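Reviewing the structure listed below.
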Amino acid sequence: MAHFINDRASLVTDAIDGLVAGSGGALARLDGYPEIRVVLRAELEPDKVAVVSGGGSGHEPAHAGFVGPGLLTAAVCGDVFASPSVDAVLAGILAVTGEAGCVLIVKNYAGDRLNFGLAAERARALGRRVETVLVADDIALPDAARPRGLAGTLFVHKAAGHAAAAGAPLAEVAALARRTAAAVRTLGIAVSTATIPGSKPEPRLHEGEAELGLGIHGEPGIERIDLPRADALAERMAARFPAPIAGADRLALLVNNLGSTTALEMAVLTKAVLATDLGRRVRLLLGPSPVMTALDMHGASLSFLALDDVLEAALLSETPVTAWPRARILRESIVRPLPEGVAGGPAPAPSRDAVVAARIEAVGRALIAAEASLNALDARVGDGDTGSTFAEGARAVLADLDRLPQADPAALCRALGERLERATGGSSGVLLSIFFAATGAALAGGADWPAACAAGVARVREIGGAGPGDRTMLDAAIPAVEALATSGLGAAAQAARAGAEATAGMERAGTGRSSYLAGKDLKGHPDPGAVAVATAFEALALGSK
């Protein structure tokens with residue numbers, strides 16, 4: 001896999017330099033590359049307790065991204081997924097710790113415990129007051145002797161940073177940090193592992209599989225499962241959380257993106273988690289955001305914190321650190337009624353016209369039957385969904401056939417336009433809606449069907465910006481409505497088909513996805529939208545006999 005790096009040896013130092021340079025003077029770094037990589041606030045407050053954390057890189061924005069007022073005073077960065085050295089941690093402590101002392105927040109991994117622990121001892125020997133807080137929030141293995149430190153560590157950062165910023169003494173800052181660490185639990189889920197820049201990982205999961213209860217270093221999960229729907233996954237994960245979370249009546253929830261999960265997926269998962277019994281007790285929501293990642297892992301983690309008034313105030317306190325996911329008090333979702341006119345006003349009264357109904361049915365059945373062939377055609381020049389788009393619109397119209405004003409041509413066109421706009425995706429649905437709206441307006445003004453259809457096509461040309469020769473549905477629709485005015489439906493169907501077939505010889509598309517393709521990729525393949533229009537006119541002509 002390709003990555004935007006110089007080389008693996010300078011990966012972390014280059015990233016730190018980029019972070020510091022982009023901070024606008026808010027951050028600094030210690031000299032000492034490459035062994036010592038410490039990010040610290042540019043302006044220190046030696047009369048206040050320093051809050052220091054860190055660990056392996058690859059979890060960005062944690063940890064260096066959370067250096068700032070109300071959060072960390074300094075972050076010590078190791079290599080990717082590797083603990084920083086004792087000297088690096090000691091340098092970080094000594095650089096920021098004054099008489100008020102330092103709280104050192106450590107994730108429960110062997111390397112971090114040893115290196116941060118020894119650095120703390122050396123700092124104490126040099127006269128610094130240092131309190132160490134260990135975070136072990138992972139619940140993947142309920143009976144694990146040493147649970148890992150995961151994204152719940154960020155709650156501890158915020159609680160300690162808030163107390164330190166308020167001027168609390170070292171003992172109080174450390175006590176609040178430990179209380180927070182004891183009250184938080186985390187569980188992760190992923191469908192892919194992490195890719196260390198410069199390496200090529202072997203796939204570990206099959207399509208449709210996921211790993212439940214994994215850490216933040218690309219290690220396997222505790223359990224491999226078939227990935228269920230988001231709501232079922234949320235229920236399964238929520239059921240794993242033990243005390244103190246299971247018994248709390250007020251919770252904070254951090255929904256953490258492990259690296260490459262899309263924003264859409266994260267929003268769906270957040271909704272699903274909030275709908276669980278545990279989720280209904282959430283008062284403060286943080287995220288969904290990538291805050292403690294595992295490089296590009298496609299996954300997420302849920303961190304629940306049992307709240308009290310002090311912790312809630314700490315999480316709600318402001319910080320200028322841009323990467324921090326602001327806590328929000330959950331409220332009832334606000335749903336406002338649609339503005340008048342969006343849905344077309346009151347629905348017209350249904351009416352019955354056997355001829356009109358037969359023609360609509362003929363067109364609908366023809367477009368549904370052509371779904372696969374139109375999709376196949378569109379796969380050559382577009383994204384392969386033209387057939388599904390028209391078929392979905394046809395199904396929506398046929399489902400509402402008995403509720404349509406079949407005997408009122410103008411109202412019928414308006415109703416068709418509204419249904420197609422709602423049911424038909426992409427630009428095709430909008431263009432069809434424009435056509436029927438303009439056609440209906442012309443009919444209401446006294447025009448006959450040929451003139452009204454011509455008005456509809458003219459409006460599509462005006463708004464859509466396409467014209468003859470642009471390889472669109474208009475290449476079939478324009479000759480069809482011209483023939484309709486002089487020679488009737490049969491001639492219109494023949495003209496539409498001829499226009500559609502002519503698009504196969506056009507090596508340039510004026511609009512749509514086809515406009516980005518080379519002529520050699522277009523030649524010989526008719527435009528699927530034009531073919532759909534020809535199919536509709538042919539069905540109309542057959543239904544009129």
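If you're wondering about the labels, chains in the structure tokens are A, B, ... by order shown, residues count from 1 in each chain, ligands from 1 in order shown.
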
At a cut-off of 6 Å, using only C-alpha atoms, what residues contact Ser53 of chain A? Leave out same-chain residues fewer than 3 positions from it and give the result as a PDB file with C-alpha atoms, in the first residue's frame.
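Final output, result_37.pdb:
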ATOM      1  CA  ALA A  75       3.161  14.258  24.949  1.00  0.00           C
ATOM      2  CA  LEU A 104       1.924  11.015  34.310  1.00  0.00           C
ATOM      3  CA  ILE A 105      -0.917   9.176  32.506  1.00  0.00           C
TER       4      ILE A 105
END

Mind listing the alpha helix (DSSP H) residues of segment 311-383 of chain A, per DSSP on the backbone, as an NGL selection string?
-> :A and (311-316 or 354-369 or 371-381)

Based on the selection just made, write N, CA and C atoms of those residues as a CSV table (one decimal), in the first residue's frame.
chain,number,residue,atom,x,y,z
A,311,LEU,N,-17.0,14.9,37.1
A,311,LEU,CA,-16.5,14.5,35.8
A,311,LEU,C,-17.3,15.1,34.7
A,312,GLU,N,-18.6,15.3,34.8
A,312,GLU,CA,-19.4,16.0,33.8
A,312,GLU,C,-18.9,17.4,33.6
A,313,ALA,N,-18.6,18.1,34.6
A,313,ALA,CA,-18.1,19.5,34.5
A,313,ALA,C,-16.7,19.5,33.8
A,314,ALA,N,-15.9,18.5,34.1
A,314,ALA,CA,-14.6,18.4,33.5
A,314,ALA,C,-14.7,18.2,32.0
A,315,LEU,N,-15.6,17.3,31.6
A,315,LEU,CA,-15.7,17.0,30.2
A,315,LEU,C,-16.3,18.1,29.4
A,316,LEU,N,-17.2,18.9,30.0
A,316,LEU,CA,-17.9,20.0,29.4
A,316,LEU,C,-17.0,21.3,29.3
A,354,ALA,N,-59.1,4.4,-17.8
A,354,ALA,CA,-58.6,3.1,-18.2
A,354,ALA,C,-57.5,3.2,-19.2
A,355,VAL,N,-57.6,4.1,-20.2
A,355,VAL,CA,-56.6,4.2,-21.2
A,355,VAL,C,-55.3,4.7,-20.6
A,356,VAL,N,-55.4,5.7,-19.8
A,356,VAL,CA,-54.2,6.3,-19.2
A,356,VAL,C,-53.5,5.3,-18.3
A,357,ALA,N,-54.4,4.6,-17.5
A,357,ALA,CA,-53.8,3.6,-16.6
A,357,ALA,C,-53.1,2.5,-17.4
A,358,ALA,N,-53.6,2.1,-18.6
A,358,ALA,CA,-53.0,1.0,-19.4
A,358,ALA,C,-51.7,1.5,-19.9
A,359,ARG,N,-51.6,2.8,-20.3
A,359,ARG,CA,-50.4,3.3,-20.9
A,359,ARG,C,-49.3,3.4,-19.8
A,360,ILE,N,-49.7,3.9,-18.6
A,360,ILE,CA,-48.7,4.0,-17.5
A,360,ILE,C,-48.2,2.6,-17.2
A,361,GLU,N,-49.1,1.6,-17.1
A,361,GLU,CA,-48.7,0.3,-16.8
A,361,GLU,C,-47.7,-0.3,-17.8
A,362,ALA,N,-48.0,0.0,-19.1
A,362,ALA,CA,-47.1,-0.5,-20.2
A,362,ALA,C,-45.7,0.1,-20.1
A,363,VAL,N,-45.6,1.4,-19.8
A,363,VAL,CA,-44.3,2.0,-19.7
A,363,VAL,C,-43.6,1.5,-18.5
A,364,GLY,N,-44.3,1.4,-17.3
A,364,GLY,CA,-43.7,0.9,-16.1
A,364,GLY,C,-43.2,-0.5,-16.3
A,365,ARG,N,-44.0,-1.4,-16.9
A,365,ARG,CA,-43.5,-2.8,-17.0
A,365,ARG,C,-42.3,-2.9,-18.0
A,366,ALA,N,-42.3,-2.1,-19.0
A,366,ALA,CA,-41.2,-2.1,-20.0
A,366,ALA,C,-39.9,-1.6,-19.3
A,367,LEU,N,-40.0,-0.6,-18.5
A,367,LEU,CA,-38.7,-0.1,-17.8
A,367,LEU,C,-38.2,-1.1,-16.8
A,368,ILE,N,-39.1,-1.7,-16.1
A,368,ILE,CA,-38.7,-2.7,-15.1
A,368,ILE,C,-38.1,-3.9,-15.8
A,369,ALA,N,-38.6,-4.3,-16.9
A,369,ALA,CA,-38.1,-5.4,-17.7
A,369,ALA,C,-36.7,-5.1,-18.3
A,371,GLU,N,-34.4,-3.3,-16.8
A,371,GLU,CA,-33.5,-2.9,-15.7
A,371,GLU,C,-32.1,-3.5,-15.9
A,372,ALA,N,-32.0,-4.8,-16.1
A,372,ALA,CA,-30.7,-5.5,-16.2
A,372,ALA,C,-29.9,-5.0,-17.4
A,373,SER,N,-30.6,-4.9,-18.6
A,373,SER,CA,-29.9,-4.6,-19.8
A,373,SER,C,-29.4,-3.1,-19.7
A,374,LEU,N,-30.2,-2.2,-19.1
A,374,LEU,CA,-29.8,-0.8,-19.0
A,374,LEU,C,-28.7,-0.7,-18.0
A,375,ASN,N,-28.7,-1.5,-17.0
A,375,ASN,CA,-27.6,-1.4,-16.0
A,375,ASN,C,-26.3,-1.9,-16.7
A,376,ALA,N,-26.4,-3.0,-17.5
A,376,ALA,CA,-25.2,-3.5,-18.1
A,376,ALA,C,-24.7,-2.5,-19.1
A,377,LEU,N,-25.6,-1.8,-19.8
A,377,LEU,CA,-25.1,-0.8,-20.8
A,377,LEU,C,-24.5,0.4,-20.0
A,378,ASP,N,-25.0,0.8,-18.9
A,378,ASP,CA,-24.5,1.9,-18.1
A,378,ASP,C,-23.2,1.5,-17.5
A,379,ALA,N,-22.9,0.2,-17.2
A,379,ALA,CA,-21.7,-0.2,-16.6
A,379,ALA,C,-20.5,0.1,-17.5
A,380,ARG,N,-20.8,0.2,-18.8
A,380,ARG,CA,-19.7,0.5,-19.8
A,380,ARG,C,-19.4,2.0,-19.9
A,381,VAL,N,-20.3,2.8,-19.6
A,381,VAL,CA,-20.1,4.3,-19.7
A,381,VAL,C,-20.4,5.1,-18.5

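Counting only C-alpha atoms, Ile93 of chain A has the following residues at most 9 Å away, ignoring those fewer than 6 positions along the same chain: Ala50, Val51, Val52, Ala74, Cys102, Leu104, Ala119, Ala120, Ala123, Arg128 and Val130 of chain A.
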
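Distances from A:Asp249, A:Asp231, A:Glu60, A:Glu482 to Thr270 of chain A were compared using only C-alpha atoms, and the smallest one belongs to A:Asp231.
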
Excluding Ala100 of chain A and any residue of its chain fewer than 6 positions from it, enumerate the residues within 8 Å of it, using only C-alpha atoms, and give them as number ranges by chain.
-> A: 46-50, 129, 169-170

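The interatomic distance for the pair atom CA of Val321 of chain A and atom CA of Leu258 of chain A works out to 19.8 Å.
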
Which parts of segment 21-220 of chain A does DSSP call strand (DSSP E or B) when run on the backbone here, written out as a PyMOL selection string?
-> chain A and resi 27-29+38-41+50-57+67+72+74-80+102-107+130-135+138+184-190+209-212

For Leu212 of chain A, work out the shell of residues within 6 Å, counting only C-alpha atoms and skipping chain neighbours fewer than 6 positions away, then give it as a VMD selection string.
-> chain A and resid 189 221 223

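Nearest residue to Leu401 of chain A among A:Ala370, A:Ser487, A:Arg422, A:Ser351 is A:Ser351, counting only C-alpha atoms.
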
Write out as number ranges by chain which residues come within 12 Å of segment 135-144 of chain A when counting only C-alpha atoms, dropping same-chain ones fewer than 5 positions away.
-> A: 53, 104-110, 112-113, 149-157, 177-189, 211-216, 220-223, 237-245, 301-305

Skipping near chain neighbours, those fewer than 3 positions away, what residues fall within 8 Å of Ile5 of chain A using only C-alpha atoms, listed as a ChimeraX atom specification?
-> /A:8,11,197

Selection file, C-alpha atoms, as a short mmCIF file (atom, residue, chain, number, x, y, z; two decimals), in the first residue's frame:
data_model
loop_
_atom_site.label_atom_id
_atom_site.label_comp_id
_atom_site.auth_asym_id
_atom_site.auth_seq_id
_atom_site.Cartn_x
_atom_site.Cartn_y
_atom_site.Cartn_z
CA ARG A 8 10.00 4.96 7.69
CA LEU A 11 8.09 9.14 9.76
CA PRO A 197 3.52 2.84 6.48
#

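The smallest atom-to-atom distance between Ala159 of chain A and any of A:Glu209, A:Asp309, A:Glu99, A:Asp226, using only C-alpha atoms, is found for A:Asp309.
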
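Between Pro348 of chain A and the candidates A:Gly247, A:Gly25, A:Gly55, A:Pro409, the tightest atom-to-atom separation, counting only C-alpha atoms, involves A:Pro409.
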
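With only C-alpha atoms as the atoms that count, the minimum distance from Ser388 of chain A to the choices A:Glu45, A:Ala21, A:Gly529, A:Asp353 is reached by A:Gly529.
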
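Residue nearest Gly101 of chain A within the list A:Leu284, A:Ala454, A:Ala163, A:Ala171: A:Ala171 [criterion: smallest interatomic distance, only C-alpha atoms].
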